[in-house]
Structure formats: structure tokens, C-alpha cells
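Note sheet for the following structure.
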There are 2 protein chains.
Amino acid sequence: MPGATVNAIPTRARILYASAELFRRQGYAATGLKQIAAESEATLGSVYHFFPGGKQQLADEVLRVGGRFFLALYETIAAGAVDLVSAVRDFFDGAGQTLLATGFADACPIATVAGEIASTNEVLRAAVADTFESWLDALAEDAVEAGIEADRARALALSVLALLEGAFLLSRSLRSLEPMRSCADSAVALVSAALADSREASRR
Amino acid sequence: MPGATVNAIPTRARILYASAELFRRQGYAATGLKQIAAESEATLGSVYHFFPGGKQQLADEVLRVGGRFFLALYETIAAGAVDLVSAVRDFFDGAGQTLLATGFADACPIATVAGEIASTNEVLRAAVADTFESWLDALAEDAVEAGIEADRARALALSVLALLEGAFLLSRSLRSLEPMRSCADSAVALVSAALADSREASRR
DNA sequence: GTCTATAGAGAGATAGAC
DNA sequence: GTCTATCTCTCTATAGAC
């Protein structure tokens, strides 16, 4: 392929990446398609070429792709951890490091948009709900594998994810890692308590 | 005062109230001043008459006033509860009831805006941070009065508030009270554990 | 696939009559 | 204090040349 620029990032991917960054930082309504085009070094025409459904289609895809990426990040960290407690601890630690490295800008890939559109855009709310459920399934599955009963595992997953989302919002708002650190401790405590209960139950 | 309409709600208050409702449901960027004027049955001129600083000044005031109202709600509930565990339980229950009664629209009065502007509007971020801190102070103060040591009380307050904020986001997104219920249980568990630890420490 | 130009609607903000 | 008219800007979306 003479003259071809090898490994150049395709336009569609650049648009998705830039959109993901802008949506998570500024939200859906505050981010314009022109800003996305500029940030991704594409033209408005290209944005509509790849996403004929306009802003909503673009956001739908950003939420789902970003959600899968975040899930993969959790699974990678969990695979490298010795147990569920370490996995949760490591994930919260990584979230805190990312917050610090980005000036408290990059937190959850979907939370900012989720809050905005939950009551006003059913298409995007469904994308958010599907994504949250996929995370909850992964967390609960790991909890079940660690010996926690299924209902308890689901409740635990909900609380751990809520702690993470709440910590993201508080740490971004207060510009401090203190909320993330306290919530990491609490998430670890909840997981530990659930594990202790399951061990006690199996002893009977 | 012949002919005076007694107890008519003043225009300024109507604007604040309508803004609070729209901002918390749709966010800052998605809510227009014309929509606020229409919803509050005022004119655009009146909005700028009372809030010459425009949209940002209006939002700043909405965040602070809404935050004080939410704090007062907590304090009322806490005053009527027999202990800290009941206070937390009752507050989460009330939050769930409001979510259900409003079709999962009315959650935290500041969270939606907080997520949007944390990285882009320093004035509003400061209003959000001040408000969160006032809630954390109230919660931690009650924890200290219940016998929990100050540092632990602060960490507990951060986790309980994060659980509440995370539960709001998840319940709105999934359109289910399940996250709110699980997070209520976890918040109660965290408070109970802190109280048990403080009793054990004072016994030594 | 990429790019420019532009339509049409709506935004925030202002001026000035009443 | 209230209201209308309007300025200017930006938004989403589309059309069509290349």
C-alpha cells in the first residue's frame, strides 16, 4: 500500500472517542456536534455520514461502547486480583488515580449523561439501563463465584456500584479524593461482611 | 388591602421553584430560560429583572436554596427518628417514595446539575460543593452525637451520601426502587457497624 | 467519504414602552 | 415590576459539490 498512512485512526472511531470524552465531562445537552467535529478533526458532514440518526444515535453508541470498555476494565482488574475484596479495592483505587490524572474530569463514562436524560429521553435511558445492568451482572457473578448467595450478590453489586457513582460525583464536585477513598473503604467493608456471612451460613 | 390577592406566590419565588424542578430533572444546559419563564408563568423580562446575572445566577441560587431545603428535610426526619439508624432508614424510604410518586423524576435537587458543570463552570461547582459540605456536616454531626469518633463520622457521612446519590442515579436510570432499597440496607449496615465499633471502643 | 454552505429553530441576553 | 420585540449567536440537521 504505497503512500497509505498505516494505523491512522479511522474517522468514525475518532468521532466516537471525542464524543465519549465530551459527553462524560460536559453532558449531552452542553456538547454540540460542531464541537465534536472539531475535537475529532472531522467535519460535520462526516459526523452525519457515520451517524445519520444524528446526536441521539451518536450518544446511544457512545453510551454502549463506553459501557463495554468500562466493563472490560473491571474484568481485567478483577482477573488480576487475588479475591473479590482486592478486585473492588483495586478498581476504586484506579478510579481515584484517573480522577487525579485528569483534574477530576474523567469519572464514570455514562453517569453525567445518565442523570440528564433519565427523565427526558427514553432511547438514551434504555442504553444507560442496559449498560448499568451489564456491570451489575458482572459484579454479582463474581460475588456468587466467591460464595455469596444470588440475591445477596445482586444487592451487594447495587450498593458497590452506587458507592462508586456517588464517589465519582462527590469527588468531582469537591475536587478531592476523600470521598473516593471513604467509599472504597465502605465498599470493601460491605463485600467483606457479605463474604463473612456466606462463610458462616455454609458452616451450618 | 381591598382587591389584593392574599397569599399569591411572588414572581421571584415562582421562578426559583420552576427552575429548581426543571434543573433537577433535565439539567442545566437542557433547560432554557424561556421554558423557565413559561413554567413559572412569568415573562423573560421578569426573569432578568430578578436575576440580572442571567442563567448562571439563577442556577447558583437554585442550587443553594434547594440544598438548604433538602438539608431541612433531613433535619426534620432526623428529629423525628429515635436514633441515627432510623433517621437514615427513614430518609432513604422518603427518597424512594418521592421517586415513585414523581415517576422517577425528582431525586437529588442538585445532582444532575452537579455532574454537568463539575468540570466546566467553577461558580456553579462551588455552589454544589458548599451544598454537599453542608449536608456532610449535618450527617457527621449527628454521627458524632451518637458516639462515633469525628474522623469516622466524616467518612461515614461521605459513604452514606454517596450511597444515596448512587441510588438516585441507578433508580432513575433503571426505573426501579430496587437500587434505593439495597442502598438503604447498606447505609443502615454501615451506620450500625460504626455505632458497634464506637461502643466497643468506649468499653475498653 | 469529505467538505462547505445554509436552512430553520431556539438559545441567552438586552432595550424600552407601559 | 411586567411585558414585547429584537439582537446576535449557536444549535441540529440537510443539500449538494467534489
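Identifiers for the C-alpha cells are assigned positionally: chains receive A, B, ... in sequence, residues are indexed from 1 per chain, and ligands are indexed from 1 in the order shown.
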
Requested in this report: Could you list, as a ChimeraX atom specification, the residues of chain D having an atom within 10 Å of chain A when counting only C-alpha atoms (C1' of nucleotides)?
Outcome: /D:10-14

For all heavy atoms, I'd like the residues from the last selection saved as an mmCIF file, in the first residue's frame.
```cif
data_model
loop_
_atom_site.group_PDB
_atom_site.id
_atom_site.type_symbol
_atom_site.label_atom_id
_atom_site.label_comp_id
_atom_site.auth_asym_id
_atom_site.auth_seq_id
_atom_site.Cartn_x
_atom_site.Cartn_y
_atom_site.Cartn_z
ATOM 1 P P DT D 10 -21.176 32.039 18.765
ATOM 2 O OP1 DT D 10 -20.103 32.005 19.769
ATOM 3 O OP2 DT D 10 -20.886 32.272 17.323
ATOM 4 O "O5'" DT D 10 -22.011 30.685 18.866
ATOM 5 C "C5'" DT D 10 -22.736 30.387 20.053
ATOM 6 C "C4'" DT D 10 -23.734 29.288 19.781
ATOM 7 O "O4'" DT D 10 -24.834 29.809 18.998
ATOM 8 C "C3'" DT D 10 -23.159 28.114 18.985
ATOM 9 O "O3'" DT D 10 -23.205 26.959 19.804
ATOM 10 C "C2'" DT D 10 -24.073 28.002 17.765
ATOM 11 C "C1'" DT D 10 -25.314 28.758 18.208
ATOM 12 N N1 DT D 10 -26.116 29.358 17.085
ATOM 13 C C2 DT D 10 -27.441 29.018 16.961
ATOM 14 O O2 DT D 10 -28.007 28.255 17.705
ATOM 15 N N3 DT D 10 -28.090 29.622 15.910
ATOM 16 C C4 DT D 10 -27.538 30.513 14.995
ATOM 17 O O4 DT D 10 -28.227 30.984 14.100
ATOM 18 C C5 DT D 10 -26.138 30.825 15.181
ATOM 19 C C7 DT D 10 -25.451 31.759 14.243
ATOM 20 C C6 DT D 10 -25.494 30.237 16.207
ATOM 21 P P DC D 11 -22.724 25.576 19.290
ATOM 22 O OP1 DC D 11 -21.974 24.978 20.393
ATOM 23 O OP2 DC D 11 -22.103 25.764 17.957
ATOM 24 O "O5'" DC D 11 -24.079 24.738 19.087
ATOM 25 C "C5'" DC D 11 -25.041 24.696 20.141
ATOM 26 C "C4'" DC D 11 -26.369 24.220 19.580
ATOM 27 O "O4'" DC D 11 -26.920 25.258 18.751
ATOM 28 C "C3'" DC D 11 -26.244 23.012 18.656
ATOM 29 O "O3'" DC D 11 -26.397 21.821 19.402
ATOM 30 C "C2'" DC D 11 -27.413 23.192 17.695
ATOM 31 C "C1'" DC D 11 -27.714 24.685 17.729
ATOM 32 N N1 DC D 11 -27.413 25.414 16.454
ATOM 33 C C2 DC D 11 -28.427 25.639 15.533
ATOM 34 O O2 DC D 11 -29.562 25.197 15.766
ATOM 35 N N3 DC D 11 -28.153 26.318 14.403
ATOM 36 C C4 DC D 11 -26.913 26.782 14.178
ATOM 37 N N4 DC D 11 -26.683 27.450 13.053
ATOM 38 C C5 DC D 11 -25.856 26.552 15.114
ATOM 39 C C6 DC D 11 -26.144 25.872 16.221
ATOM 40 P P DT D 12 -25.933 20.481 18.727
ATOM 41 O OP1 DT D 12 -25.856 19.522 19.849
ATOM 42 O OP2 DT D 12 -24.743 20.757 17.903
ATOM 43 O "O5'" DT D 12 -27.119 20.068 17.747
ATOM 44 C "C5'" DT D 12 -28.406 19.775 18.271
ATOM 45 C "C4'" DT D 12 -29.388 19.618 17.131
ATOM 46 O "O4'" DT D 12 -29.310 20.783 16.274
ATOM 47 C "C3'" DT D 12 -29.123 18.413 16.225
ATOM 48 O "O3'" DT D 12 -30.337 17.700 16.027
ATOM 49 C "C2'" DT D 12 -28.600 19.009 14.927
ATOM 50 C "C1'" DT D 12 -29.253 20.387 14.914
ATOM 51 N N1 DT D 12 -28.477 21.419 14.174
ATOM 52 C C2 DT D 12 -29.076 22.123 13.146
ATOM 53 O O2 DT D 12 -30.238 21.942 12.790
ATOM 54 N N3 DT D 12 -28.269 23.046 12.521
ATOM 55 C C4 DT D 12 -26.957 23.342 12.825
ATOM 56 O O4 DT D 12 -26.331 24.200 12.187
ATOM 57 C C5 DT D 12 -26.395 22.570 13.921
ATOM 58 C C7 DT D 12 -24.967 22.805 14.317
ATOM 59 C C6 DT D 12 -27.159 21.658 14.528
ATOM 60 P P DA D 13 -30.318 16.282 15.267
ATOM 61 O OP1 DA D 13 -31.529 15.546 15.678
ATOM 62 O OP2 DA D 13 -28.999 15.673 15.440
ATOM 63 O "O5'" DA D 13 -30.482 16.708 13.741
ATOM 64 C "C5'" DA D 13 -31.606 17.516 13.379
ATOM 65 C "C4'" DA D 13 -31.447 17.993 11.940
ATOM 66 O "O4'" DA D 13 -30.412 18.995 11.871
ATOM 67 C "C3'" DA D 13 -31.042 16.915 10.929
ATOM 68 O "O3'" DA D 13 -32.140 16.673 10.061
ATOM 69 C "C2'" DA D 13 -29.832 17.486 10.195
ATOM 70 C "C1'" DA D 13 -29.876 18.968 10.571
ATOM 71 N N9 DA D 13 -28.570 19.630 10.617
ATOM 72 C C8 DA D 13 -27.520 19.321 11.433
ATOM 73 N N7 DA D 13 -26.466 20.096 11.256
ATOM 74 C C5 DA D 13 -26.854 20.956 10.242
ATOM 75 C C6 DA D 13 -26.181 22.012 9.587
ATOM 76 N N6 DA D 13 -24.935 22.387 9.869
ATOM 77 N N1 DA D 13 -26.872 22.679 8.616
ATOM 78 C C2 DA D 13 -28.127 22.305 8.337
ATOM 79 N N3 DA D 13 -28.859 21.329 8.888
ATOM 80 C C4 DA D 13 -28.150 20.694 9.845
ATOM 81 P P DT D 14 -32.029 15.574 8.883
ATOM 82 O OP1 DT D 14 -33.389 15.061 8.682
ATOM 83 O OP2 DT D 14 -30.903 14.658 9.143
ATOM 84 O "O5'" DT D 14 -31.658 16.485 7.636
ATOM 85 C "C5'" DT D 14 -32.399 17.681 7.436
ATOM 86 C "C4'" DT D 14 -31.895 18.388 6.197
ATOM 87 O "O4'" DT D 14 -30.659 19.077 6.498
ATOM 88 C "C3'" DT D 14 -31.590 17.485 4.996
ATOM 89 O "O3'" DT D 14 -32.252 18.027 3.861
ATOM 90 C "C2'" DT D 14 -30.066 17.537 4.859
ATOM 91 C "C1'" DT D 14 -29.761 18.916 5.423
ATOM 92 N N1 DT D 14 -28.392 19.090 5.961
ATOM 93 C C2 DT D 14 -27.625 20.143 5.509
ATOM 94 O O2 DT D 14 -28.012 20.947 4.686
ATOM 95 N N3 DT D 14 -26.375 20.224 6.079
ATOM 96 C C4 DT D 14 -25.840 19.370 7.029
ATOM 97 O O4 DT D 14 -24.713 19.545 7.464
ATOM 98 C C5 DT D 14 -26.697 18.298 7.442
ATOM 99 C C7 DT D 14 -26.207 17.310 8.468
ATOM 100 C C6 DT D 14 -27.920 18.200 6.905
#
```

Query raised in the report: What are the DSSP alpha helix (DSSP H) residues of chain B, as a PyMOL selection string?
Result: chain B and resi 11-26+33-39+44-50+54-79+84-101+111-117+122-145+150-174+178-203

Report task. May I have the residues of chain C within 8 Å of chain A, counting only C-alpha atoms (C1' of nucleotides), written as number ranges by chain? Result -> C: 1-3

Report task. Write out as a PyMOL selection string the residues lying within 10 Å of C:DA15, counting only C-alpha atoms (C1' of nucleotides) and excluding same-chain residues fewer than 5 positions away. Result -> chain D and resi 5-7

Please save N, CA, C and O atoms (P, O5', C5', C4', C3', O3' and C1' of nucleotides) of the selected residues as a PDB file, in the first residue's frame.
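Printed below is selection05.pdb as written:
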```pdb
ATOM      1  P    DA D   5     -44.803  41.887  20.290  1.00  0.00           P
ATOM      2  O5'  DA D   5     -43.411  42.503  19.834  1.00  0.00           O
ATOM      3  C5'  DA D   5     -43.107  43.859  20.161  1.00  0.00           C
ATOM      4  C4'  DA D   5     -41.655  44.152  19.785  1.00  0.00           C
ATOM      5  C3'  DA D   5     -41.150  43.363  18.573  1.00  0.00           C
ATOM      6  O3'  DA D   5     -40.413  44.252  17.737  1.00  0.00           O
ATOM      7  C1'  DA D   5     -39.758  42.950  20.451  1.00  0.00           C
ATOM      8  P    DT D   6     -39.873  43.706  16.330  1.00  0.00           P
ATOM      9  O5'  DT D   6     -38.330  43.489  16.653  1.00  0.00           O
ATOM     10  C5'  DT D   6     -37.659  44.458  17.463  1.00  0.00           C
ATOM     11  C4'  DT D   6     -36.304  43.925  17.865  1.00  0.00           C
ATOM     12  C3'  DT D   6     -35.595  43.085  16.794  1.00  0.00           C
ATOM     13  O3'  DT D   6     -34.280  43.584  16.635  1.00  0.00           O
ATOM     14  C1'  DT D   6     -35.487  42.016  18.868  1.00  0.00           C
ATOM     15  P    DC D   7     -33.531  43.395  15.249  1.00  0.00           P
ATOM     16  O5'  DC D   7     -32.009  43.457  15.730  1.00  0.00           O
ATOM     17  C5'  DC D   7     -31.669  44.199  16.904  1.00  0.00           C
ATOM     18  C4'  DC D   7     -30.532  43.500  17.638  1.00  0.00           C
ATOM     19  C3'  DC D   7     -29.620  42.713  16.712  1.00  0.00           C
ATOM     20  O3'  DC D   7     -28.276  43.146  16.849  1.00  0.00           O
ATOM     21  C1'  DC D   7     -30.347  41.363  18.545  1.00  0.00           C
TER      22       DC D   7
END
```

Which residues of chain B have any atom within 8 Å of an atom in chain A when counting only C-alpha atoms, and what is the closest pair of atoms for each, with the distance in Å to one decimal? Order the rows by chain and rising number and write it as JSON lines.
```
{"residue": "B:Arg25", "atom": "CA", "partner": "A:Ser119", "partner_atom": "CA", "distance": 6.4}
{"residue": "B:Gln26", "atom": "CA", "partner": "A:Glu116", "partner_atom": "CA", "distance": 5.2}
{"residue": "B:Gly27", "atom": "CA", "partner": "A:Glu116", "partner_atom": "CA", "distance": 5.4}
{"residue": "B:Ala29", "atom": "CA", "partner": "A:Ala30", "partner_atom": "CA", "distance": 5.3}
{"residue": "B:Ala30", "atom": "CA", "partner": "A:Ala29", "partner_atom": "CA", "distance": 5.3}
{"residue": "B:Phe104", "atom": "CA", "partner": "A:Ser119", "partner_atom": "CA", "distance": 7.4}
{"residue": "B:Ala105", "atom": "CA", "partner": "A:Ser119", "partner_atom": "CA", "distance": 5.8}
{"residue": "B:Ala111", "atom": "CA", "partner": "A:Leu169", "partner_atom": "CA", "distance": 7.8}
{"residue": "B:Thr112", "atom": "CA", "partner": "A:Gly115", "partner_atom": "CA", "distance": 5.3}
{"residue": "B:Ala114", "atom": "CA", "partner": "A:Ser173", "partner_atom": "CA", "distance": 6.7}
{"residue": "B:Gly115", "atom": "CA", "partner": "A:Thr112", "partner_atom": "CA", "distance": 5.3}
{"residue": "B:Glu116", "atom": "CA", "partner": "A:Gln26", "partner_atom": "CA", "distance": 5.2}
{"residue": "B:Ile117", "atom": "CA", "partner": "A:Gln26", "partner_atom": "CA", "distance": 6.6}
{"residue": "B:Ala118", "atom": "CA", "partner": "A:Ser173", "partner_atom": "CA", "distance": 5.5}
{"residue": "B:Ser119", "atom": "CA", "partner": "A:Ala105", "partner_atom": "CA", "distance": 5.8}
{"residue": "B:Thr120", "atom": "CA", "partner": "A:Gln26", "partner_atom": "CA", "distance": 6.8}
{"residue": "B:Arg125", "atom": "CA", "partner": "A:Ser173", "partner_atom": "CA", "distance": 6.1}
{"residue": "B:Ala126", "atom": "CA", "partner": "A:Ser173", "partner_atom": "CA", "distance": 7.9}
{"residue": "B:Val128", "atom": "CA", "partner": "A:Ser173", "partner_atom": "CA", "distance": 6.6}
{"residue": "B:Ala129", "atom": "CA", "partner": "A:Leu174", "partner_atom": "CA", "distance": 5.2}
{"residue": "B:Phe132", "atom": "CA", "partner": "A:Leu170", "partner_atom": "CA", "distance": 7.8}
{"residue": "B:Ala155", "atom": "CA", "partner": "A:Ser182", "partner_atom": "CA", "distance": 5.3}
{"residue": "B:Leu156", "atom": "CA", "partner": "A:Ser182", "partner_atom": "CA", "distance": 7.6}
{"residue": "B:Leu158", "atom": "CA", "partner": "A:Pro179", "partner_atom": "CA", "distance": 5.8}
{"residue": "B:Ser159", "atom": "CA", "partner": "A:Cys183", "partner_atom": "CA", "distance": 5.2}
{"residue": "B:Leu161", "atom": "CA", "partner": "A:Gly166", "partner_atom": "CA", "distance": 7.3}
{"residue": "B:Ala162", "atom": "CA", "partner": "A:Gly166", "partner_atom": "CA", "distance": 3.8}
{"residue": "B:Leu163", "atom": "CA", "partner": "A:Leu163", "partner_atom": "CA", "distance": 5.0}
{"residue": "B:Leu164", "atom": "CA", "partner": "A:Gly166", "partner_atom": "CA", "distance": 7.3}
{"residue": "B:Glu165", "atom": "CA", "partner": "A:Gly166", "partner_atom": "CA", "distance": 5.1}
{"residue": "B:Gly166", "atom": "CA", "partner": "A:Ala162", "partner_atom": "CA", "distance": 3.8}
{"residue": "B:Ala167", "atom": "CA", "partner": "A:Ala162", "partner_atom": "CA", "distance": 5.5}
{"residue": "B:Leu169", "atom": "CA", "partner": "A:Gly115", "partner_atom": "CA", "distance": 6.3}
{"residue": "B:Leu170", "atom": "CA", "partner": "A:Ala162", "partner_atom": "CA", "distance": 7.2}
{"residue": "B:Arg172", "atom": "CA", "partner": "A:Ala118", "partner_atom": "CA", "distance": 6.1}
{"residue": "B:Ser173", "atom": "CA", "partner": "A:Ala118", "partner_atom": "CA", "distance": 5.5}
{"residue": "B:Leu174", "atom": "CA", "partner": "A:Ala129", "partner_atom": "CA", "distance": 5.2}
{"residue": "B:Pro179", "atom": "CA", "partner": "A:Leu158", "partner_atom": "CA", "distance": 5.8}
{"residue": "B:Ser182", "atom": "CA", "partner": "A:Ala155", "partner_atom": "CA", "distance": 5.4}
{"residue": "B:Cys183", "atom": "CA", "partner": "A:Ser159", "partner_atom": "CA", "distance": 5.2}
{"residue": "B:Ser186", "atom": "CA", "partner": "A:Ser159", "partner_atom": "CA", "distance": 6.6}
{"residue": "B:Leu190", "atom": "CA", "partner": "A:Ser186", "partner_atom": "CA", "distance": 7.4}
```

Query raised in the report: C:DA5: which residues within 10 Å, counting only C-alpha atoms (C1' of nucleotides), same-chain residues fewer than 2 positions away excluded, as a list in words?
Result: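 Surrounding residues, per the criterion: DC3 and DA7 of chain C; DA15 and DG16 of chain D.
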
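Counting from atom CA of A:Asp151, the distance to atom CA of A:Ser192 is 16.2 Å.
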
Identify, on the basis of only C-alpha atoms (C1' of nucleotides), every residue whose closest approach to A:Ala81 does not exceed 10 Å; exclude the query and any residue fewer than 6 positions from it along the same chain; express the result as a CSV table (one decimal) with N, CA and C atoms, in the first residue's frame.
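result_2.csv was written with the following content:
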```
chain,number,residue,atom,x,y,z
A,75,GLU,N,-13.2,-6.1,34.4
A,75,GLU,CA,-12.9,-7.6,34.3
A,75,GLU,C,-11.4,-7.8,34.2
A,87,ALA,N,-10.3,-7.0,44.2
A,87,ALA,CA,-10.8,-6.5,42.9
A,87,ALA,C,-11.5,-5.2,43.1
A,88,VAL,N,-12.4,-5.2,44.1
A,88,VAL,CA,-13.1,-3.9,44.4
A,88,VAL,C,-12.2,-2.8,44.8
A,89,ARG,N,-11.3,-3.1,45.7
A,89,ARG,CA,-10.3,-2.2,46.2
A,89,ARG,C,-9.5,-1.6,45.0
A,90,ASP,N,-9.0,-2.5,44.2
A,90,ASP,CA,-8.1,-2.1,43.1
A,90,ASP,C,-8.9,-1.2,42.1
A,91,PHE,N,-10.2,-1.6,41.9
A,91,PHE,CA,-11.0,-0.8,40.9
A,91,PHE,C,-11.2,0.6,41.4
```

Requested in this report: Quick one: pull the distance between atom CA of A:Leu139 and atom CA of A:Leu58, Å, one decimal.
Outcome: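 Computing it gives 27.5 Å between the two atoms.
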
Query raised in the report: To one decimal place, how far is atom CA of B:Ser202 from atom CA of B:Asp142 in Å?
Result: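 Rounded to one decimal, the two atoms are 17.8 Å apart.
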